[in-house]
Each structure stands twice: as structure tokens, then as C-alpha cells.
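Pasting input-v9.pdb here (PDB, C-alpha atoms):
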ATOM      1  CA  MET A   1       0.000   0.000   0.000
ATOM      2  CA  ILE A   2       1.259   3.445  -0.987
ATOM      3  CA  PHE A   3      -0.736   6.494   0.094
ATOM      4  CA  VAL A   4       0.338  10.044  -0.762
ATOM      5  CA  ARG A   5      -0.374  12.893   1.659
ATOM      6  CA  LYS A   6      -0.243  15.952  -0.611
ATOM      7  CA  ALA A   7       1.512  19.055   0.662
ATOM      8  CA  ALA A   8      -1.373  21.399  -0.150
ATOM      9  CA  GLU A   9      -3.787  19.290   1.914
ATOM     10  CA  ARG A  10      -1.812  19.720   5.153
ATOM     11  CA  GLY A  11      -2.872  21.984   7.991
ATOM     12  CA  HIS A  12      -1.505  25.523   7.826
ATOM     13  CA  THR A  13      -0.586  28.182  10.375
ATOM     14  CA  ASP A  14       0.455  31.685   9.289
ATOM     15  CA  ALA A  15       1.446  33.778  12.296
ATOM     16  CA  GLY A  16       3.334  36.413  10.323
ATOM     17  CA  TRP A  17       6.720  35.520  11.781
ATOM     18  CA  LEU A  18       5.966  31.787  11.318
ATOM     19  CA  ASP A  19       4.695  29.938   8.245
ATOM     20  CA  SER A  20       4.030  26.337   9.284
ATOM     21  CA  TRP A  21       2.524  23.364   7.442
ATOM     22  CA  HIS A  22       1.334  20.420   9.540
ATOM     23  CA  THR A  23       1.415  16.902   8.061
ATOM     24  CA  PHE A  24      -0.482  15.651  11.121
ATOM     25  CA  SER A  25      -2.857  17.304  13.612
ATOM     26  CA  PHE A  26      -1.075  19.948  15.652
ATOM     27  CA  GLY A  27      -2.128  22.958  17.716
ATOM     28  CA  GLY A  28      -5.225  24.535  16.214
ATOM     29  CA  TYR A  29      -5.247  22.119  13.284
ATOM     30  CA  HIS A  30      -7.177  18.952  14.065
ATOM     31  CA  ASP A  31      -8.001  16.208  11.568
ATOM     32  CA  PRO A  32      -9.051  12.810  12.988
ATOM     33  CA  GLY A  33      -7.737  11.171   9.811
ATOM     34  CA  TYR A  34      -4.231  12.524  10.396
ATOM     35  CA  MET A  35      -3.305  12.094  14.038
ATOM     36  CA  GLY A  36       0.095  10.602  13.184
ATOM     37  CA  PHE A  37       1.456   7.462  11.570
ATOM     38  CA  ARG A  38       2.492   4.623  13.879
ATOM     39  CA  THR A  39       4.823   6.277  16.454
ATOM     40  CA  LEU A  40       5.425   9.291  14.195
ATOM     41  CA  ARG A  41       3.256  12.015  15.709
ATOM     42  CA  VAL A  42       4.299  15.375  14.182
ATOM     43  CA  ILE A  43       5.998  16.687  11.061
ATOM     44  CA  ASN A  44       5.841  20.466  10.993
ATOM     45  CA  ASP A  45       7.390  22.196   7.990
ATOM     46  CA  ASP A  46       8.379  25.550   9.520
ATOM     47  CA  ARG A  47       9.732  28.790   8.091
ATOM     48  CA  VAL A  48      10.662  31.544  10.548
ATOM     49  CA  VAL A  49      11.510  35.117   9.566
ATOM     50  CA  PRO A  50      14.834  36.685  10.637
ATOM     51  CA  GLY A  51      15.235  37.337  14.351
ATOM     52  CA  GLU A  52      12.006  35.627  15.413
ATOM     53  CA  GLY A  53      11.152  32.258  16.894
ATOM     54  CA  PHE A  54       9.486  30.162  19.562
ATOM     55  CA  GLY A  55       9.926  31.538  23.083
ATOM     56  CA  THR A  56      10.671  29.264  26.017
ATOM     57  CA  HIS A  57       7.969  26.596  26.350
ATOM     58  CA  PRO A  58       7.650  23.140  27.958
ATOM     59  CA  HIS A  59       7.543  19.602  26.569
ATOM     60  CA  ARG A  60       7.390  16.173  28.166
ATOM     61  CA  ASP A  61       7.323  12.516  27.057
ATOM     62  CA  MET A  62       8.251  13.152  23.436
ATOM     63  CA  GLU A  63      11.303  12.588  21.213
ATOM     64  CA  ILE A  64      11.759  15.810  19.215
ATOM     65  CA  ILE A  65      13.987  15.942  16.140
ATOM     66  CA  SER A  66      14.939  19.175  14.391
ATOM     67  CA  TYR A  67      16.138  18.974  10.779
ATOM     68  CA  VAL A  68      17.322  22.245   9.229
ATOM     69  CA  VAL A  69      16.792  22.650   5.487
ATOM     70  CA  SER A  70      18.224  26.156   5.076
ATOM     71  CA  GLY A  71      19.370  28.956   7.361
ATOM     72  CA  ALA A  72      20.306  28.490  11.002
ATOM     73  CA  LEU A  73      18.207  27.576  14.062
ATOM     74  CA  GLU A  74      19.314  28.568  17.570
ATOM     75  CA  HIS A  75      18.326  26.213  20.394
ATOM     76  CA  ARG A  76      18.451  26.742  24.165
ATOM     77  CA  ASP A  77      16.975  24.533  26.866
ATOM     78  CA  SER A  78      16.632  24.028  30.618
ATOM     79  CA  LEU A  79      19.462  21.473  30.587
ATOM     80  CA  GLY A  80      21.837  24.348  29.893
ATOM     81  CA  THR A  81      22.291  23.365  26.259
ATOM     82  CA  GLY A  82      22.778  26.072  23.676
ATOM     83  CA  SER A  83      23.561  25.422  20.022
ATOM     84  CA  VAL A  84      22.929  26.499  16.442
ATOM     85  CA  ILE A  85      21.667  23.895  13.983
ATOM     86  CA  ARG A  86      22.556  24.292  10.300
ATOM     87  CA  PRO A  87      21.827  22.243   7.158
ATOM     88  CA  GLY A  88      23.434  18.823   7.421
ATOM     89  CA  GLU A  89      23.011  18.791  11.210
ATOM     90  CA  VAL A  90      20.258  16.945  13.086
ATOM     91  CA  GLN A  91      19.239  17.480  16.700
ATOM     92  CA  ARG A  92      17.375  15.094  19.014
ATOM     93  CA  MET A  93      15.844  16.347  22.252
ATOM     94  CA  SER A  94      14.233  13.855  24.636
ATOM     95  CA  ALA A  95      11.638  15.759  26.622
ATOM     96  CA  GLY A  96      11.135  12.875  29.066
ATOM     97  CA  THR A  97       9.966  13.964  32.513
ATOM     98  CA  GLY A  98       9.990  17.593  31.398
ATOM     99  CA  ILE A  99      12.126  20.130  29.589
ATOM    100  CA  ARG A 100      11.790  23.769  28.594
ATOM    101  CA  HIS A 101      13.389  25.144  25.460
ATOM    102  CA  SER A 102      13.338  27.915  22.883
ATOM    103  CA  GLU A 103      14.031  27.932  19.143
ATOM    104  CA  TYR A 104      14.922  31.090  17.244
ATOM    105  CA  ASN A 105      16.115  32.033  13.819
ATOM    106  CA  ALA A 106      19.833  32.599  14.455
ATOM    107  CA  SER A 107      20.056  35.183  11.653
ATOM    108  CA  GLY A 108      18.825  38.746  11.638
ATOM    109  CA  THR A 109      18.724  38.850   7.841
ATOM    110  CA  GLU A 110      17.931  35.369   6.464
ATOM    111  CA  PRO A 111      14.886  33.130   7.080
ATOM    112  CA  VAL A 112      15.283  29.626   8.509
ATOM    113  CA  HIS A 113      13.472  26.595   7.104
ATOM    114  CA  PHE A 114      13.351  23.462   9.235
ATOM    115  CA  LEU A 115      11.285  20.373   9.980
ATOM    116  CA  GLN A 116      10.176  19.758  13.546
ATOM    117  CA  ILE A 117       9.487  16.051  14.057
ATOM    118  CA  TRP A 118       7.892  14.437  17.109
ATOM    119  CA  ILE A 119       8.118  10.719  17.823
ATOM    120  CA  LEU A 120       6.325   9.008  20.697
ATOM    121  CA  PRO A 121       8.883   7.537  23.139
ATOM    122  CA  GLU A 122       9.026   3.850  23.984
ATOM    123  CA  ARG A 123       7.903   4.640  27.524
ATOM    124  CA  PRO A 124       7.008   7.716  29.622
ATOM    125  CA  GLY A 125       9.204   9.176  32.316
ATOM    126  CA  LEU A 126      12.573   9.041  30.554
ATOM    127  CA  ALA A 127      15.340  11.373  31.667
ATOM    128  CA  PRO A 128      15.501  14.524  29.514
ATOM    129  CA  GLY A 129      18.409  14.560  27.088
ATOM    130  CA  TYR A 130      19.907  16.245  24.054
ATOM    131  CA  GLU A 131      22.128  15.237  21.149
ATOM    132  CA  GLN A 132      23.213  16.934  17.913
ATOM    133  CA  LYS A 133      25.341  15.596  15.068
ATOM    134  CA  ALA A 134      26.486  16.622  11.606
ATOM    135  CA  PHE A 135      26.005  14.373   8.590
ATOM    136  CA  PRO A 136      28.164  15.658   5.708
ATOM    137  CA  ALA A 137      26.582  16.124   2.294
ATOM    138  CA  GLY A 138      28.761  13.398   0.808
ATOM    139  CA  GLU A 139      27.303  10.835   3.212
ATOM    140  CA  ARG A 140      23.766  11.677   2.098
ATOM    141  CA  ALA A 141      24.372  12.053  -1.652
ATOM    142  CA  ASN A 142      22.323   9.602  -3.739
ATOM    143  CA  ARG A 143      21.802   7.345  -0.742
ATOM    144  CA  LEU A 144      19.730   7.110   2.424
ATOM    145  CA  ARG A 145      22.051   7.798   5.342
ATOM    146  CA  LEU A 146      20.905   6.611   8.786
ATOM    147  CA  VAL A 147      20.708   9.706  11.033
ATOM    148  CA  ALA A 148      18.748   8.348  14.040
ATOM    149  CA  ASP A 149      17.796   4.995  15.546
ATOM    150  CA  ARG A 150      17.346   3.324  18.931
ATOM    151  CA  ALA A 151      20.986   2.191  19.199
ATOM    152  CA  GLY A 152      22.789   5.181  17.691
ATOM    153  CA  SER A 153      24.132   2.872  14.977
ATOM    154  CA  ASP A 154      26.853   3.975  12.544
ATOM    155  CA  GLY A 155      27.255   7.370  14.178
ATOM    156  CA  ALA A 156      23.524   8.150  14.161
ATOM    157  CA  LEU A 157      21.630   9.958  16.901
ATOM    158  CA  MET A 158      19.965   7.765  19.519
ATOM    159  CA  VAL A 159      16.176   8.039  19.732
ATOM    160  CA  HIS A 160      14.154   6.274  22.417
ATOM    161  CA  GLN A 161      11.848   4.353  20.097
ATOM    162  CA  ASP A 162      12.010   1.503  17.576
ATOM    163  CA  VAL A 163      12.427   3.790  14.580
ATOM    164  CA  ARG A 164      15.119   4.329  11.989
ATOM    165  CA  LEU A 165      15.340   7.736  10.313
ATOM    166  CA  TYR A 166      17.264   8.153   7.056
ATOM    167  CA  ALA A 167      18.159  11.343   5.151
ATOM    168  CA  GLY A 168      19.215  11.550   1.522
ATOM    169  CA  THR A 169      19.694  13.928  -1.382
ATOM    170  CA  LEU A 170      19.312  12.944  -5.021
ATOM    171  CA  ALA A 171      21.253  14.683  -7.773
ATOM    172  CA  PRO A 172      19.379  15.561 -10.982
ATOM    173  CA  GLY A 173      18.601  12.383 -12.864
ATOM    174  CA  ALA A 174      19.472  10.111  -9.925
ATOM    175  CA  SER A 175      17.415   7.278  -8.463
ATOM    176  CA  LEU A 176      17.666   5.076  -5.403
ATOM    177  CA  PRO A 177      15.797   2.104  -3.956
ATOM    178  CA  VAL A 178      13.463   2.574  -0.992
ATOM    179  CA  LYS A 179      13.026  -0.622   1.014
ATOM    180  CA  VAL A 180      10.820  -1.021   4.089
ATOM    181  CA  PRO A 181      11.508  -4.345   5.877
ATOM    182  CA  ALA A 182       8.728  -6.919   6.089
ATOM    183  CA  GLY A 183       6.345  -6.305   8.965
ATOM    184  CA  ARG A 184       7.328  -2.643   9.298
ATOM    185  CA  TYR A 185       5.935   0.643   7.994
ATOM    186  CA  GLY A 186       7.508   3.517   6.125
ATOM    187  CA  TRP A 187       6.868   7.228   5.857
ATOM    188  CA  LEU A 188       8.737   9.098   3.115
ATOM    189  CA  GLN A 189       8.802  12.888   3.393
ATOM    190  CA  LEU A 190       9.885  14.904   0.369
ATOM    191  CA  VAL A 191      11.752  17.842   1.890
ATOM    192  CA  GLN A 192      12.787  19.680  -1.278
ATOM    193  CA  GLY A 193      12.572  19.234  -5.030
ATOM    194  CA  ALA A 194      10.388  16.837  -6.960
ATOM    195  CA  ALA A 195      10.517  13.072  -7.455
ATOM    196  CA  ARG A 196       8.566   9.991  -8.466
ATOM    197  CA  LEU A 197       7.990   6.905  -6.333
ATOM    198  CA  GLN A 198       6.617   3.904  -8.211
ATOM    199  CA  GLY A 199       4.777   6.186 -10.618
ATOM    200  CA  HIS A 200       3.511   8.597  -7.938
ATOM    201  CA  SER A 201       4.582  12.198  -8.606
ATOM    202  CA  LEU A 202       5.835  13.943  -5.479
ATOM    203  CA  GLN A 203       6.446  17.630  -4.756
ATOM    204  CA  ALA A 204       8.152  19.315  -1.819
ATOM    205  CA  GLY A 205       6.092  18.790   1.335
ATOM    206  CA  ASP A 206       4.379  15.613   0.134
ATOM    207  CA  GLY A 207       4.463  12.600   2.430
ATOM    208  CA  VAL A 208       4.013   8.935   1.531
ATOM    209  CA  ALA A 209       2.757   6.164   3.816
ATOM    210  CA  ILE A 210       4.177   2.761   2.878
ATOM    211  CA  ALA A 211       2.850  -0.555   4.198
ATOM    212  CA  GLU A 212       2.981  -4.192   3.095
ATOM    213  CA  GLU A 213       5.294  -3.484   0.155
ATOM    214  CA  THR A 214       7.556  -6.514  -0.084
ATOM    215  CA  ALA A 215       9.802  -5.286  -2.909
ATOM    216  CA  SER A 216      12.072  -2.255  -3.103
ATOM    217  CA  LEU A 217      10.416   0.877  -4.431
ATOM    218  CA  GLU A 218      12.236   3.109  -6.893
ATOM    219  CA  LEU A 219      12.573   6.808  -6.092
ATOM    220  CA  ASP A 220      13.833   8.942  -8.965
ATOM    221  CA  THR A 221      14.148  12.621  -9.783
ATOM    222  CA  VAL A 222      14.749  14.803 -12.825
ATOM    223  CA  ASP A 223      15.918  18.019 -11.168
ATOM    224  CA  GLY A 224      17.057  16.786  -7.734
ATOM    225  CA  ALA A 225      15.378  16.143  -4.394
ATOM    226  CA  GLU A 226      15.931  15.867  -0.642
ATOM    227  CA  VAL A 227      14.076  13.205   1.353
ATOM    228  CA  LEU A 228      13.590  11.724   4.807
ATOM    229  CA  LEU A 229      12.544   8.104   5.299
ATOM    230  CA  PHE A 230      11.084   6.821   8.585
ATOM    231  CA  ASP A 231      11.252   3.036   9.143
ATOM    232  CA  LEU A 232       8.630   2.402  11.841
ATOM    233  CA  ALA A 233       7.508  -0.574  13.926
TER
END
Please express what this file holds, its structure, as C-alpha cells.
Amino acid sequence: MIFVRKAAERGHTDAGWLDSWHTFSFGGYHDPGYMGFRTLRVINDDRVVPGEGFGTHPHRDMEIISYVVSGALEHRDSLGTGSVIRPGEVQRMSAGTGIRHSEYNASGTEPVHFLQIWILPERPGLAPGYEQKAFPAGERANRLRLVADRAGSDGALMVHQDVRLYAGTLAPGASLPVKVPAGRYGWLQLVQGAARLQGHSLQAGDGVAIAEETASLELDTVDGAEVLLFDLA
């Protein structure tokens, strides 16, 4: 089964300083048909104007991944962590028993575009934690590079859930196989560009639910694309 969630059908929030598209229900956008996919709860496609951002606010019992597409995102939290996330870097914050943090555009002149991803943790009450790593462009070129999983395999971030998150970029004219292991589920998010998956045309912001596909699927692009693939229990 392949089901495409079109970008234009997502929920939308325009707060002036924030332009956000919600793949799944979030905040004031509620759709009973899109409450998440397996343990994947939120994919927010956020653009923040220069010098603005999310003030300090609380989270608990959630694994939160920030993936910067362009620009720079400044993060500060109640653990004393402060960092700037740039393209090619991925951050995981475990909210656990409770954490407060802020996220701001680190530039006063350029917008920041990032994906905020929430994954349900394997159990409540985990200790709060933070991790950030860089994944060079060469490691993601024309392949799906593991950037997060439960064990922190192959230099990936560790996330407290049975999920494997891959990131990849396709050069113009490139293709790559997309394989979801038997008994598991996949969610492919097209971050940038345009591509085709088994005959389905995809544009930036589209998401694809994959289930019970026993063979590898072929993802190809004419002009180039950037993708995330979630391998979910």
C-alpha cells in the first residue's frame, strides 16, 4: 500500500513571523484522519523570519527531532544546552519527565526553514536529554544515510523508540531504492525538489505512507530532491 499525503492538503498556520505546514494534527489544526502514523506524531514544515522564533515553552514525554533545510536555528533549553543547527546537522531532544526550550532564527537577515518532528517515546518518564550531530553532504548524496535509531548505529543519533530515520539527497537524474523491511511501515517525506515513487509524482512537502510493500520501491528525480525516510515498527 502506498498512500500520498499531498503538501497542499496539510494543515496551515500563518502567524506572520511563522509559516508552518502540519502533516499531522497539531495545535489549532485537528483532523481525525491525520493524528500521526504509527509512532510518528508530528511533522511540521516551519519557516521563521529573521530574528524571530518560539519563546521558552515546555515539553514532556516526546522525542523531538529538528532537521534544518536552510538557514540556522538557535536552540536553548533548561538542561543548559545552547547550540545552532545548520543544514546537514540533526538534533534530538528527549523531553522525558519535562524540559523547557526555545528555538529562534539565528540570523537577523535570512529566514530559517526546518522540519520539527515528534516521535512518541518507547515509555514515559525518561530522563531529559539532548544530542546533535552533523552528517556531511557526501554521506547523504544519492543514498539514504541513517541519522537516528534506537541504538545510535553507525554514528547516528539515539532516539528512544524503535524507529530508523534516514536522510538523503538525489542529484538531478538520480534514483535510489526505498526498502521497508517486512512487517514494518515507512513514511517518506519529500523535503525539497520533486521526485517519483513507483509512478507517484511527489512535490516538496508531500508525504508517503508505505505498508505491506515486499519489494524495493524506486525513487527517482529529474531536477534533484531531498528526502527523509522513517522506518517504523
Here CA of Thr97 in chain A and CA of Ile65 in chain A stand apart by 17.0 Å
Please, what is the axis-aligned box for every listed atom of range 5-12 of chain A with 8 Å on each side, as centre and edge lengths in Å to one decimal, as lines of an AutoDock Vina configuration file?
center_x = -1.1
center_y = 19.2
center_z = 3.7
size_x = 21.3
size_y = 28.6
size_z = 24.6
Contacts of His75 in chain A within 6 Å, only C-alpha atoms, excl. fewer than 5 positions in-chain, as number ranges by chain: A: 82-83, 102-103
Give me the residues within 9 Å of range 228-230 of chain A as a PyMOL selection string, counting all atoms listed in the file and dropping any in the same chain fewer than 5 places off. chain A and resi 40+144+163-169+178+185-191
Using the chain letters and residue numbers of this document, give as number ranges by chain the residues selected by the PyMOL selection byres ((chain A and resi 119-129) around 9). A: 38-42, 60-65, 79, 92-99, 117-118, 130-131, 159-163
Output C-alpha atoms of each residue in that selection to a file, as an mmCIF file, keeping the file's coordinate frame.
data_model
loop_
_atom_site.group_PDB
_atom_site.id
_atom_site.type_symbol
_atom_site.label_atom_id
_atom_site.label_comp_id
_atom_site.auth_asym_id
_atom_site.auth_seq_id
_atom_site.Cartn_x
_atom_site.Cartn_y
_atom_site.Cartn_z
ATOM 1 C CA ARG A 38 2.492 4.623 13.879
ATOM 2 C CA THR A 39 4.823 6.277 16.454
ATOM 3 C CA LEU A 40 5.425 9.291 14.195
ATOM 4 C CA ARG A 41 3.256 12.015 15.709
ATOM 5 C CA VAL A 42 4.299 15.375 14.182
ATOM 6 C CA ARG A 60 7.390 16.173 28.166
ATOM 7 C CA ASP A 61 7.323 12.516 27.057
ATOM 8 C CA MET A 62 8.251 13.152 23.436
ATOM 9 C CA GLU A 63 11.303 12.588 21.213
ATOM 10 C CA ILE A 64 11.759 15.810 19.215
ATOM 11 C CA ILE A 65 13.987 15.942 16.140
ATOM 12 C CA LEU A 79 19.462 21.473 30.587
ATOM 13 C CA ARG A 92 17.375 15.094 19.014
ATOM 14 C CA MET A 93 15.844 16.347 22.252
ATOM 15 C CA SER A 94 14.233 13.855 24.636
ATOM 16 C CA ALA A 95 11.638 15.759 26.622
ATOM 17 C CA GLY A 96 11.135 12.875 29.066
ATOM 18 C CA THR A 97 9.966 13.964 32.513
ATOM 19 C CA GLY A 98 9.990 17.593 31.398
ATOM 20 C CA ILE A 99 12.126 20.130 29.589
ATOM 21 C CA ILE A 117 9.487 16.051 14.057
ATOM 22 C CA TRP A 118 7.892 14.437 17.109
ATOM 23 C CA TYR A 130 19.907 16.245 24.054
ATOM 24 C CA GLU A 131 22.128 15.237 21.149
ATOM 25 C CA VAL A 159 16.176 8.039 19.732
ATOM 26 C CA HIS A 160 14.154 6.274 22.417
ATOM 27 C CA GLN A 161 11.848 4.353 20.097
ATOM 28 C CA ASP A 162 12.010 1.503 17.576
ATOM 29 C CA VAL A 163 12.427 3.790 14.580
#
Quick one: everything within 10 Å of range 14-30 of chain A, counting all atoms listed in the file, minus sequence neighbours fewer than 3 positions away in the same chain. Send it as a PDB file with C-alpha atoms, in the coordinates of the input.
ATOM      1  CA  ARG A   5      -0.374  12.893   1.659  1.00  0.00           C
ATOM      2  CA  LYS A   6      -0.243  15.952  -0.611  1.00  0.00           C
ATOM      3  CA  ALA A   7       1.512  19.055   0.662  1.00  0.00           C
ATOM      4  CA  ALA A   8      -1.373  21.399  -0.150  1.00  0.00           C
ATOM      5  CA  GLU A   9      -3.787  19.290   1.914  1.00  0.00           C
ATOM      6  CA  ARG A  10      -1.812  19.720   5.153  1.00  0.00           C
ATOM      7  CA  GLY A  11      -2.872  21.984   7.991  1.00  0.00           C
ATOM      8  CA  GLY A  33      -7.737  11.171   9.811  1.00  0.00           C
ATOM      9  CA  TYR A  34      -4.231  12.524  10.396  1.00  0.00           C
ATOM     10  CA  MET A  35      -3.305  12.094  14.038  1.00  0.00           C
ATOM     11  CA  GLY A  36       0.095  10.602  13.184  1.00  0.00           C
ATOM     12  CA  PHE A  37       1.456   7.462  11.570  1.00  0.00           C
ATOM     13  CA  LEU A  40       5.425   9.291  14.195  1.00  0.00           C
ATOM     14  CA  ARG A  41       3.256  12.015  15.709  1.00  0.00           C
ATOM     15  CA  VAL A  42       4.299  15.375  14.182  1.00  0.00           C
ATOM     16  CA  ILE A  43       5.998  16.687  11.061  1.00  0.00           C
ATOM     17  CA  ASN A  44       5.841  20.466  10.993  1.00  0.00           C
ATOM     18  CA  ASP A  45       7.390  22.196   7.990  1.00  0.00           C
ATOM     19  CA  ASP A  46       8.379  25.550   9.520  1.00  0.00           C
ATOM     20  CA  ARG A  47       9.732  28.790   8.091  1.00  0.00           C
ATOM     21  CA  VAL A  48      10.662  31.544  10.548  1.00  0.00           C
ATOM     22  CA  VAL A  49      11.510  35.117   9.566  1.00  0.00           C
ATOM     23  CA  PRO A  50      14.834  36.685  10.637  1.00  0.00           C
ATOM     24  CA  GLY A  51      15.235  37.337  14.351  1.00  0.00           C
ATOM     25  CA  GLU A  52      12.006  35.627  15.413  1.00  0.00           C
ATOM     26  CA  GLY A  53      11.152  32.258  16.894  1.00  0.00           C
ATOM     27  CA  PHE A  54       9.486  30.162  19.562  1.00  0.00           C
ATOM     28  CA  PRO A 111      14.886  33.130   7.080  1.00  0.00           C
ATOM     29  CA  VAL A 112      15.283  29.626   8.509  1.00  0.00           C
ATOM     30  CA  HIS A 113      13.472  26.595   7.104  1.00  0.00           C
ATOM     31  CA  PHE A 114      13.351  23.462   9.235  1.00  0.00           C
ATOM     32  CA  LEU A 115      11.285  20.373   9.980  1.00  0.00           C
ATOM     33  CA  GLN A 116      10.176  19.758  13.546  1.00  0.00           C
ATOM     34  CA  GLN A 189       8.802  12.888   3.393  1.00  0.00           C
ATOM     35  CA  GLY A 205       6.092  18.790   1.335  1.00  0.00           C
ATOM     36  CA  ASP A 206       4.379  15.613   0.134  1.00  0.00           C
ATOM     37  CA  GLY A 207       4.463  12.600   2.430  1.00  0.00           C
TER      38      GLY A 207
END
Taking the file as shown, what set of residues would the PyMOL selection byres ((chain A and resi 199) around 12) give back, as an mmCIF file with C-alpha atoms, in the coordinates of the input?
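What ended up in part-v3.cif:
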data_model
loop_
_atom_site.group_PDB
_atom_site.id
_atom_site.type_symbol
_atom_site.label_atom_id
_atom_site.label_comp_id
_atom_site.auth_asym_id
_atom_site.auth_seq_id
_atom_site.Cartn_x
_atom_site.Cartn_y
_atom_site.Cartn_z
ATOM 1 C CA ILE A 2 1.259 3.445 -0.987
ATOM 2 C CA VAL A 4 0.338 10.044 -0.762
ATOM 3 C CA ALA A 195 10.517 13.072 -7.455
ATOM 4 C CA ARG A 196 8.566 9.991 -8.466
ATOM 5 C CA LEU A 197 7.990 6.905 -6.333
ATOM 6 C CA GLN A 198 6.617 3.904 -8.211
ATOM 7 C CA HIS A 200 3.511 8.597 -7.938
ATOM 8 C CA SER A 201 4.582 12.198 -8.606
ATOM 9 C CA LEU A 202 5.835 13.943 -5.479
ATOM 10 C CA LEU A 217 10.416 0.877 -4.431
ATOM 11 C CA GLU A 218 12.236 3.109 -6.893
ATOM 12 C CA LEU A 219 12.573 6.808 -6.092
ATOM 13 C CA ASP A 220 13.833 8.942 -8.965
ATOM 14 C CA THR A 221 14.148 12.621 -9.783
#
Got a sec to check which residues sit within 10 Å of (26.5, 14.6, 7.2), counting only C-alpha atoms, and write them as a PyMOL selection string? chain A and resi 87-90+133-141+145-147+156+167-168
Export of prior selection with C-alpha atoms as a PDB file, in the frame of the given file:
ATOM      1  CA  PRO A  87      21.827  22.243   7.158  1.00  0.00           C
ATOM      2  CA  GLY A  88      23.434  18.823   7.421  1.00  0.00           C
ATOM      3  CA  GLU A  89      23.011  18.791  11.210  1.00  0.00           C
ATOM      4  CA  VAL A  90      20.258  16.945  13.086  1.00  0.00           C
ATOM      5  CA  LYS A 133      25.341  15.596  15.068  1.00  0.00           C
ATOM      6  CA  ALA A 134      26.486  16.622  11.606  1.00  0.00           C
ATOM      7  CA  PHE A 135      26.005  14.373   8.590  1.00  0.00           C
ATOM      8  CA  PRO A 136      28.164  15.658   5.708  1.00  0.00           C
ATOM      9  CA  ALA A 137      26.582  16.124   2.294  1.00  0.00           C
ATOM     10  CA  GLY A 138      28.761  13.398   0.808  1.00  0.00           C
ATOM     11  CA  GLU A 139      27.303  10.835   3.212  1.00  0.00           C
ATOM     12  CA  ARG A 140      23.766  11.677   2.098  1.00  0.00           C
ATOM     13  CA  ALA A 141      24.372  12.053  -1.652  1.00  0.00           C
ATOM     14  CA  ARG A 145      22.051   7.798   5.342  1.00  0.00           C
ATOM     15  CA  LEU A 146      20.905   6.611   8.786  1.00  0.00           C
ATOM     16  CA  VAL A 147      20.708   9.706  11.033  1.00  0.00           C
ATOM     17  CA  ALA A 156      23.524   8.150  14.161  1.00  0.00           C
ATOM     18  CA  ALA A 167      18.159  11.343   5.151  1.00  0.00           C
ATOM     19  CA  GLY A 168      19.215  11.550   1.522  1.00  0.00           C
TER      20      GLY A 168
END
